[in-house]
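Here is the structure we will look at.
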Amino acid sequence: MDVEFDWLPKLGKIFNTVEEAWQFWIDYGGRMGFGVRKQYSNKNADGKILSLRFVCTKEGVRKSDKRDSLTVIPRLETRTNCGVKLGIRYIKGIEKYEIHDFFSEHNHPLHLSHTTHMLTCQRKISQVQAQEIEMADDSGITQRASFELMSRQVGGRENIGYTRLDQKNYLRTKRMKSMAYGEAGSLLAYFQQESLENPSFSHAIQLDLEEQITNIFWADAKMIMDYEYFGDVVTLDTTYSTNNACRPLAVFAGFNHFRGVVIFGAALLYDESSDSFEWLFRVFLKTHKNKKPRTIFTDQAAAMANGLAKVMPETYHALCSWHLMQNGIKHLGNLMKNGSYFLRDFKACMYEYVDETNFKEAWDKLLDDYDLKENKWLMNLYKLKEKWARCYMNNAFTIGMRSTQLSESLNADLKNCMKPNLNIIQFFNHFERVVNDKRYNELQGEFQSRQKLPRLKMVSSPLLQQVSEVYTLPLFNLFQEEYDKYSAACIREVNDRSFVYEYVVALCNENKEFKVTFDPSLSSISCNCRKFETFGILCCHAIKVLDVKDIKLLPEQYILKRWTRGAMRRLVKDMHGRIVEEDTCLTSTQWFKQTCPKLVRTVTQASDCKEARVFVEKAVEELSKKVDDICKLNLGLEINDTDSSLPIQCTNLQLLEVRGLKRRNGVRNFRRRPKSWVEKQPKNKKNQFSNTSQQQKQDKVIKLNGSISQLDEHGFNRLLMNLGCILTELFNAKYAKYAWITIDFGRYLTELLK
């Protein structure tokens, strides 16, 4: 019986510490259904607590706040002057605490057993729960969904130990701590931490004359490695703006050997000027050891083109077809209505014509049919035809890329990073998650290449057998399509009068003819369709000629390494000459991945048996102590419990005097007029003047007179400064309907000065 009611307070009950007594009072309040708090404590000169009292949260009554005279509807009362209390005192002889005073009669209803979990004293986020909340937030799971998941794990919301509001407040506090050094300091701390974890991490910032950060660039070790392998064709997309700072996010991306999206670097720009892009391209090349891409795709921005021409004149600059279509809809949308074929004809000029003469004829016909000879946008676009028309891009290596919009999923994921309420650290966390998702797709491609065998349409073909062992699955399928077309190709003319053979090849039931040149001395072959020169695999016309010349295997020079399974099998060095390692702690990571499932499996098995649970808990405590001792002995590290939410102390921030991130006023491209101070006020405040009667206006002025008459000189001057700021905003906004404020205020000042 004594054990059953041991949670009830009794006079003379002994506690070892104050914390033990406080926890006892919390448990008692939870069982009975009331909240608890501490009323007072008495300490000696050494800080030792000699006595203290715990009470019910409804003890006492609310006192009126003399400072708050404007509150019309105060918060509801919660205190009822409840007399429940528990007093404990220190026993010097035994150095413990005992209950010497206890009163248990409440003057208010107690909470139900299934609502006591809502009491403040019963809510606490444990360290394990905090880690789960942070993990869910970093994974992009909404707070509502993560709270529901954790509630189901413990059998209901009443068992989780905290509420959704506690979860929200915890995350907000964590974000505030992560921004303890401000935006600029937190940004540099993030970069410093990344550099410590992997020395190959590269970043750069640009400051203006006021020592504010304008442009930011970064690339991790994996981005540097990917660019070394697949940086021949690059896209630069700046169609996104981050948070409320309106900074364009520039992403350098491309295709890997599985034709999946890889990211080579990213930047947050202050604006999209020529100087910003010039700085960006120079930093990008410096990060990647001045290795320039063969082709780069961008939008139609003139500032970007100027920067490219200065920094990378040898790189072929191509325009994104998606942006061209969007600009076409913007400038010529009226021609795309009522069943018009303008968009179809415009796309034909962009994609279909291989011969320049045919392209010019189709372009002239497009202008004539739709009466667009004087259209300035089309005239300017035609001057850039070498950057977007297929017949002119046959000289560029594009690997089949025509747009900066490489992946719809990448676009959707990046948009989630641009939410206005994200701070700079949250943005980087979300961006890391997007990049990791794309890298996991690459791992899936590697798995598929080893798990699944290519499906050969002609099993006995030596050429298909050769490329199936070399190419990745996506590229093998593309090559097999060309091989399938080769069976429908026929040779219409042959010129073998010299050492170099010339063939005219066409597909059955097609009028297009292609010229193929073959040099047997060099085993070289080329076709004027330029499939290999632009994409990197041989066309069906060249395969037909190889078969005619009885060549059953693909020459090695026509197998690009970037499309092979071994495209990433070489060492890469960063700009400092160090060998780049994707994971500098690879051994530790592998051990963690192998050991974690074993421990989880053991704990899962023990969870169903009480004896096993007790055994595991004791074993974990002993194991933890031994591991701490080993780490202290071998590594000389002190194992301390630290707050992981605090930002890293930046020891090198003094080397770079930064005054913060430079911000832009308004929105990107200034498509909307910046709002004045009055417009930013809540609607109820904006309309309070317009809905005020003349009598109410006079009452306000009278009240103002009475209030000011009671102010001293310092308070009066401060009031004048505040009212002067408000009037300045009103004058700047030119709102005539608020003119009565200025008139009344002017009259009052005149009388006061007299």
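Residues in the structure tokens are numbered from 1 in each chain, the chains being A, B, ... in the order shown, and ligands are numbered from 1 in the order shown.
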task: List every residue of segment 480-539 of chain A that DSSP, applied to the backbone of this structure, places in strand (DSSP E), and write the result as a PyMOL selection string.
output: chain A and resi 489-495+501-507+513-519+524-527
How about saving the chosen residues, N, CA and C atoms kept, as a compact mmCIF listing (two decimals), in the first residue's frame?
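Now in selection_8.txt:
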# COMPACT_ATOMS: atom_id res chain seq x y z
N ALA A 489 18.94 2.16 -93.44
CA ALA A 489 19.75 3.07 -94.24
C ALA A 489 20.25 2.38 -95.50
N CYS A 490 20.38 3.17 -96.53
CA CYS A 490 20.90 2.65 -97.80
C CYS A 490 21.87 3.65 -98.39
N ILE A 491 22.85 3.13 -99.13
CA ILE A 491 23.86 3.98 -99.76
C ILE A 491 23.41 4.29 -101.18
N ARG A 492 23.29 5.56 -101.48
CA ARG A 492 22.81 5.97 -102.80
C ARG A 492 23.95 6.35 -103.74
N GLU A 493 25.06 6.84 -103.23
CA GLU A 493 26.20 7.19 -104.06
C GLU A 493 27.48 6.83 -103.32
N VAL A 494 28.51 6.49 -104.10
CA VAL A 494 29.82 6.17 -103.55
C VAL A 494 30.88 6.85 -104.39
N ASN A 495 31.83 7.51 -103.74
CA ASN A 495 32.95 8.14 -104.43
C ASN A 495 34.23 7.59 -103.80
N TYR A 501 37.05 7.88 -98.78
CA TYR A 501 35.80 7.46 -99.41
C TYR A 501 34.67 8.40 -98.99
N GLU A 502 33.80 8.70 -99.96
CA GLU A 502 32.64 9.54 -99.70
C GLU A 502 31.38 8.78 -100.06
N TYR A 503 30.43 8.77 -99.13
CA TYR A 503 29.17 8.05 -99.33
C TYR A 503 28.01 9.02 -99.12
N VAL A 504 26.97 8.80 -99.88
CA VAL A 504 25.71 9.51 -99.70
C VAL A 504 24.72 8.50 -99.15
N VAL A 505 24.27 8.73 -97.90
CA VAL A 505 23.43 7.77 -97.18
C VAL A 505 22.09 8.43 -96.89
N ALA A 506 21.04 7.64 -97.03
CA ALA A 506 19.70 8.12 -96.71
C ALA A 506 18.90 6.97 -96.12
N LEU A 507 17.88 7.32 -95.34
CA LEU A 507 16.98 6.31 -94.80
C LEU A 507 15.86 6.03 -95.79
N GLU A 513 19.31 13.38 -97.48
CA GLU A 513 20.54 12.65 -97.76
C GLU A 513 21.68 13.24 -96.94
N PHE A 514 22.57 12.36 -96.49
CA PHE A 514 23.69 12.79 -95.66
C PHE A 514 24.99 12.28 -96.25
N LYS A 515 26.00 13.12 -96.16
CA LYS A 515 27.30 12.79 -96.73
C LYS A 515 28.22 12.27 -95.64
N VAL A 516 28.74 11.03 -95.85
CA VAL A 516 29.62 10.39 -94.88
C VAL A 516 30.99 10.23 -95.50
N THR A 517 32.03 10.64 -94.79
CA THR A 517 33.42 10.54 -95.25
C THR A 517 34.16 9.55 -94.38
N PHE A 518 34.91 8.64 -95.01
CA PHE A 518 35.64 7.60 -94.28
C PHE A 518 37.07 7.56 -94.77
N ASP A 519 38.01 7.62 -93.81
CA ASP A 519 39.44 7.53 -94.11
C ASP A 519 39.96 6.22 -93.53
N SER A 524 38.99 6.91 -89.44
CA SER A 524 38.15 8.04 -89.04
C SER A 524 36.95 8.13 -89.95
N ILE A 525 35.85 8.56 -89.39
CA ILE A 525 34.60 8.67 -90.12
C ILE A 525 33.84 9.89 -89.62
N SER A 526 33.17 10.58 -90.55
CA SER A 526 32.40 11.77 -90.17
C SER A 526 31.19 11.87 -91.07
N CYS A 527 30.13 12.46 -90.52
CA CYS A 527 28.87 12.64 -91.24
C CYS A 527 28.45 14.10 -91.10
- request: Please identify all polymer residues within 9 Å of Leu236 of chain A, counting only C-alpha atoms, omitting same-chain residues fewer than 5 positions from it, and present them as an MDAnalysis selection string.
  value: chainID A and resid 250:253 296:299 404
Taking only residues of segment 444-508 of chain A that have an atom at most 10 Å from an atom of segment 530-537 of chain A, what is each one's shortest atom pair and its distance in Å to one decimal, using only C-alpha atoms, in chain and number order, as a tab-separated table?
residue	atom	partner	partner_atom	distance
A:Leu475	CA	A:Ile537	CA	8.6
A:Phe476	CA	A:Ile537	CA	9.7
A:Leu478	CA	A:Ile537	CA	8.6
A:Phe479	CA	A:Ile537	CA	6.8
A:Glu482	CA	A:Ile537	CA	9.0
Kindly save the residues from that selection, with all heavy atoms included, as a tab-separated table (two decimals), in the first residue's frame.
chain	number	residue	atom	x	y	z
A	475	LEU	N	22.78	5.59	-72.26
A	475	LEU	CA	23.48	5.86	-73.51
A	475	LEU	C	23.46	4.67	-74.45
A	475	LEU	O	23.40	4.83	-75.67
A	475	LEU	CB	24.93	6.27	-73.20
A	475	LEU	CG	25.17	7.77	-73.17
A	475	LEU	CD1	24.96	8.38	-74.56
A	475	LEU	CD2	24.29	8.45	-72.16
A	476	PHE	N	23.50	3.46	-73.89
A	476	PHE	CA	23.40	2.29	-74.75
A	476	PHE	C	22.05	2.25	-75.46
A	476	PHE	O	21.96	1.92	-76.65
A	476	PHE	CB	23.59	1.02	-73.93
A	476	PHE	CG	23.30	-0.23	-74.72
A	476	PHE	CD1	24.20	-0.71	-75.66
A	476	PHE	CD2	22.11	-0.92	-74.54
A	476	PHE	CE1	23.92	-1.86	-76.40
A	476	PHE	CE2	21.82	-2.06	-75.28
A	476	PHE	CZ	22.74	-2.53	-76.21
A	478	LEU	N	20.22	4.82	-76.30
A	478	LEU	CA	20.25	5.83	-77.37
A	478	LEU	C	21.07	5.35	-78.56
A	478	LEU	O	20.69	5.57	-79.72
A	478	LEU	CB	20.83	7.14	-76.82
A	478	LEU	CG	19.99	7.88	-75.79
A	478	LEU	CD1	20.73	9.10	-75.27
A	478	LEU	CD2	18.66	8.30	-76.39
A	479	PHE	N	22.21	4.70	-78.29
A	479	PHE	CA	23.02	4.18	-79.39
A	479	PHE	C	22.29	3.06	-80.13
A	479	PHE	O	22.37	2.96	-81.36
A	479	PHE	CB	24.36	3.67	-78.85
A	479	PHE	CG	25.27	3.16	-79.92
A	479	PHE	CD1	26.10	4.02	-80.62
A	479	PHE	CD2	25.31	1.81	-80.24
A	479	PHE	CE1	26.94	3.55	-81.62
A	479	PHE	CE2	26.14	1.33	-81.23
A	479	PHE	CZ	26.97	2.21	-81.92
A	482	GLU	N	20.05	4.34	-82.78
A	482	GLU	CA	20.77	4.65	-84.02
A	482	GLU	C	21.12	3.37	-84.78
A	482	GLU	O	21.05	3.33	-86.01
A	482	GLU	CB	22.05	5.43	-83.69
A	482	GLU	CG	21.82	6.81	-83.12
A	482	GLU	CD	21.16	7.75	-84.13
A	482	GLU	OE1	21.44	7.62	-85.34
A	482	GLU	OE2	20.36	8.60	-83.71
query: Any idea what's packed within 12 Å of Leu268 of chain A, counting only C-alpha atoms, ignoring anything in its chain fewer than 5 positions away? Could you give it as an MDAnalysis selection string?
result: chainID A and resid 187 203:206 213:218 237:243 245:252 276:277 280 418 424 427:428 431 661:663
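Here atom CA of Lys387 of chain A stands at a distance of 4.3 Å from atom CA of Ala318 of chain A.
With only C-alpha atoms as the atoms that count, the residue of A:Gly254, A:Lys222, A:Val658, A:Lys177 with the shortest distance to Leu209 of chain A is A:Val658.
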statement: Here atom CA of Ile263 of chain A and atom CA of Met223 of chain A stand apart by 6.1 Å
query: atom CA of Lys383 of chain A and atom CA of Arg344 of chain A are how many Å apart?
result: 20.9 Å
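Restricting the calculation to only C-alpha atoms, the smallest distance between Ser461 of chain A and any of A:Leu553, A:Ala362, A:Met176, A:Val72 is found for A:Leu553.
Distance check against Leu422 of chain A using only C-alpha atoms: of A:Glu132, A:Glu183, A:Asp226, A:Glu95, the minimum falls on A:Glu183.
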task: Enumerate the residues of segment 309-435 of chain A with a DSSP assignment of alpha helix (DSSP H), computed from the backbone, and present them as a PyMOL selection string.
output: chain A and resi 309-311+321-332+342-351+356-369+376-383+408-416+424-435
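Shell of Trp377 of chain A at 10 Å, with only C-alpha atoms counted and residues fewer than 3 places along the chain excluded, is Asn327, Gly328, His331, Leu332, Leu372, Glu374, Asn380, Leu381 and Tyr382 of chain A.
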Atoms kept (C-alpha atoms) for selection, written as an mmCIF file, in the first residue's frame:
data_model
loop_
_atom_site.group_PDB
_atom_site.id
_atom_site.type_symbol
_atom_site.label_atom_id
_atom_site.label_comp_id
_atom_site.auth_asym_id
_atom_site.auth_seq_id
_atom_site.Cartn_x
_atom_site.Cartn_y
_atom_site.Cartn_z
ATOM 1 C CA ASN A 327 10.022 35.510 -74.520
ATOM 2 C CA GLY A 328 8.179 34.661 -77.741
ATOM 3 C CA HIS A 331 6.239 39.535 -77.200
ATOM 4 C CA LEU A 332 4.108 37.694 -79.757
ATOM 5 C CA LEU A 372 6.488 40.560 -88.788
ATOM 6 C CA GLU A 374 9.290 45.219 -88.698
ATOM 7 C CA ASN A 380 17.219 41.237 -82.619
ATOM 8 C CA LEU A 381 16.641 37.496 -82.236
ATOM 9 C CA TYR A 382 17.722 36.866 -85.837
#
Polymer residues at most 6 Å from Leu50 of chain A, only C-alpha atoms, same-chain spacing of 4 or more positions, as a ChimeraX atom specification: /A:42-43,89-90
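If you measure from each of A:Thr235, A:Trp279, A:Thr357, A:Ser274 to Asn306 of chain A using only C-alpha atoms, the closest one turns out to be A:Ser274.
With only C-alpha atoms taken into account, the protein and nucleic acid residues at most 8 Å from segment 52-61 of chain A (excluding it and anything under 5 positions from it in its own chain) are A:Trp22, A:Trp25, A:Phe34, A:Gly35, A:Val36, A:Arg37, A:Lys38, A:Gln39, A:Tyr40, A:Ser41, A:Asn42, A:Thr78, A:Arg79, A:Thr80, A:Asn81, A:Cys82, A:Gly83, A:Val84, A:Lys85, A:Leu86, A:Gly87, A:Ile88, A:Arg89.
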For those residues, write N, CA and C atoms to a file as a PDB file, in the first residue's frame.
ATOM      1  N   TRP A  22      11.577  18.886  -6.729  1.00  0.00           N
ATOM      2  CA  TRP A  22      10.819  19.585  -7.767  1.00  0.00           C
ATOM      3  C   TRP A  22      10.180  18.587  -8.741  1.00  0.00           C
ATOM      4  N   TRP A  25       7.136  17.101  -7.173  1.00  0.00           N
ATOM      5  CA  TRP A  25       5.981  17.999  -7.206  1.00  0.00           C
ATOM      6  C   TRP A  25       5.362  18.049  -8.612  1.00  0.00           C
ATOM      7  N   PHE A  34      -3.229  19.465 -11.937  1.00  0.00           N
ATOM      8  CA  PHE A  34      -3.027  20.905 -11.798  1.00  0.00           C
ATOM      9  C   PHE A  34      -1.581  21.238 -12.158  1.00  0.00           C
ATOM     10  N   GLY A  35      -1.367  22.482 -12.558  1.00  0.00           N
ATOM     11  CA  GLY A  35      -0.033  22.950 -12.894  1.00  0.00           C
ATOM     12  C   GLY A  35       0.727  23.391 -11.669  1.00  0.00           C
ATOM     13  N   VAL A  36       2.039  23.392 -11.759  1.00  0.00           N
ATOM     14  CA  VAL A  36       2.876  23.727 -10.614  1.00  0.00           C
ATOM     15  C   VAL A  36       3.888  24.788 -11.024  1.00  0.00           C
ATOM     16  N   ARG A  37       4.384  25.503 -10.014  1.00  0.00           N
ATOM     17  CA  ARG A  37       5.464  26.468 -10.209  1.00  0.00           C
ATOM     18  C   ARG A  37       6.160  26.706  -8.877  1.00  0.00           C
ATOM     19  N   LYS A  38       7.312  27.368  -8.936  1.00  0.00           N
ATOM     20  CA  LYS A  38       8.068  27.696  -7.734  1.00  0.00           C
ATOM     21  C   LYS A  38       7.683  29.105  -7.285  1.00  0.00           C
ATOM     22  N   GLN A  39       7.456  29.247  -5.966  1.00  0.00           N
ATOM     23  CA  GLN A  39       7.062  30.558  -5.442  1.00  0.00           C
ATOM     24  C   GLN A  39       8.273  31.355  -4.962  1.00  0.00           C
ATOM     25  N   TYR A  40       9.113  30.751  -4.132  1.00  0.00           N
ATOM     26  CA  TYR A  40      10.296  31.459  -3.652  1.00  0.00           C
ATOM     27  C   TYR A  40      11.299  30.433  -3.157  1.00  0.00           C
ATOM     28  N   SER A  41      12.524  30.897  -2.910  1.00  0.00           N
ATOM     29  CA  SER A  41      13.569  30.070  -2.300  1.00  0.00           C
ATOM     30  C   SER A  41      14.478  30.981  -1.488  1.00  0.00           C
ATOM     31  N   ASN A  42      15.000  30.464  -0.379  1.00  0.00           N
ATOM     32  CA  ASN A  42      15.920  31.194   0.494  1.00  0.00           C
ATOM     33  C   ASN A  42      17.290  30.529   0.431  1.00  0.00           C
ATOM     34  N   THR A  78      -6.405  33.436 -15.141  1.00  0.00           N
ATOM     35  CA  THR A  78      -6.033  32.037 -14.901  1.00  0.00           C
ATOM     36  C   THR A  78      -5.832  31.745 -13.413  1.00  0.00           C
ATOM     37  N   ARG A  79      -5.584  32.777 -12.622  1.00  0.00           N
ATOM     38  CA  ARG A  79      -5.303  32.560 -11.203  1.00  0.00           C
ATOM     39  C   ARG A  79      -6.573  32.731 -10.367  1.00  0.00           C
ATOM     40  N   THR A  80      -6.677  31.873  -9.356  1.00  0.00           N
ATOM     41  CA  THR A  80      -7.856  31.887  -8.471  1.00  0.00           C
ATOM     42  C   THR A  80      -7.459  32.017  -7.005  1.00  0.00           C
ATOM     43  N   ASN A  81      -6.227  32.415  -6.733  1.00  0.00           N
ATOM     44  CA  ASN A  81      -5.704  32.518  -5.362  1.00  0.00           C
ATOM     45  C   ASN A  81      -5.774  31.169  -4.646  1.00  0.00           C
ATOM     46  N   CYS A  82      -5.389  30.122  -5.385  1.00  0.00           N
ATOM     47  CA  CYS A  82      -5.397  28.762  -4.834  1.00  0.00           C
ATOM     48  C   CYS A  82      -4.351  28.649  -3.733  1.00  0.00           C
ATOM     49  N   GLY A  83      -4.687  27.945  -2.680  1.00  0.00           N
ATOM     50  CA  GLY A  83      -3.797  27.856  -1.525  1.00  0.00           C
ATOM     51  C   GLY A  83      -2.945  26.611  -1.471  1.00  0.00           C
ATOM     52  N   VAL A  84      -2.956  25.749  -2.476  1.00  0.00           N
ATOM     53  CA  VAL A  84      -2.158  24.516  -2.449  1.00  0.00           C
ATOM     54  C   VAL A  84      -0.676  24.877  -2.462  1.00  0.00           C
ATOM     55  N   LYS A  85       0.089  24.267  -1.563  1.00  0.00           N
ATOM     56  CA  LYS A  85       1.510  24.583  -1.458  1.00  0.00           C
ATOM     57  C   LYS A  85       2.257  23.395  -0.873  1.00  0.00           C
ATOM     58  N   LEU A  86       3.559  23.387  -1.134  1.00  0.00           N
ATOM     59  CA  LEU A  86       4.455  22.365  -0.588  1.00  0.00           C
ATOM     60  C   LEU A  86       5.749  23.066  -0.193  1.00  0.00           C
ATOM     61  N   GLY A  87       6.078  23.047   1.105  1.00  0.00           N
ATOM     62  CA  GLY A  87       7.294  23.677   1.594  1.00  0.00           C
ATOM     63  C   GLY A  87       8.320  22.642   1.994  1.00  0.00           C
ATOM     64  N   ILE A  88       9.571  22.859   1.593  1.00  0.00           N
ATOM     65  CA  ILE A  88      10.665  21.950   1.977  1.00  0.00           C
ATOM     66  C   ILE A  88      11.782  22.791   2.591  1.00  0.00           C
ATOM     67  N   ARG A  89      12.561  22.150   3.460  1.00  0.00           N
ATOM     68  CA  ARG A  89      13.656  22.844   4.123  1.00  0.00           C
ATOM     69  C   ARG A  89      14.863  21.922   4.197  1.00  0.00           C
TER      70      ARG A  89
END
Identify, on the basis of only C-alpha atoms, every residue whose closest approach to Glu20 of chain A does not exceed 12 Å; exclude the query and any residue fewer than 4 positions from it along the same chain; express the result as a PDB file with C-alpha atoms, in the first residue's frame.
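See out-v2.pdb below for the written result:
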ATOM      1  CA  LYS A  13       9.300  12.961   3.400  1.00  0.00           C
ATOM      2  CA  ILE A  14      13.024  13.148   2.544  1.00  0.00           C
ATOM      3  CA  PHE A  15      14.637  14.205  -0.772  1.00  0.00           C
ATOM      4  CA  ASN A  16      18.310  14.051  -1.673  1.00  0.00           C
ATOM      5  CA  PHE A  24       8.259  14.919  -7.276  1.00  0.00           C
ATOM      6  CA  TRP A  25       5.981  17.999  -7.206  1.00  0.00           C
ATOM      7  CA  ILE A  26       5.682  17.966 -11.019  1.00  0.00           C
ATOM      8  CA  ASP A  27       4.670  14.293 -11.018  1.00  0.00           C
ATOM      9  CA  ILE A  88      10.665  21.950   1.977  1.00  0.00           C
ATOM     10  CA  LYS A  96      18.988  16.458   2.715  1.00  0.00           C
ATOM     11  CA  TYR A  97      15.622  18.138   2.281  1.00  0.00           C
ATOM     12  CA  GLU A  98      12.323  17.282   3.945  1.00  0.00           C
TER      13      GLU A  98
END
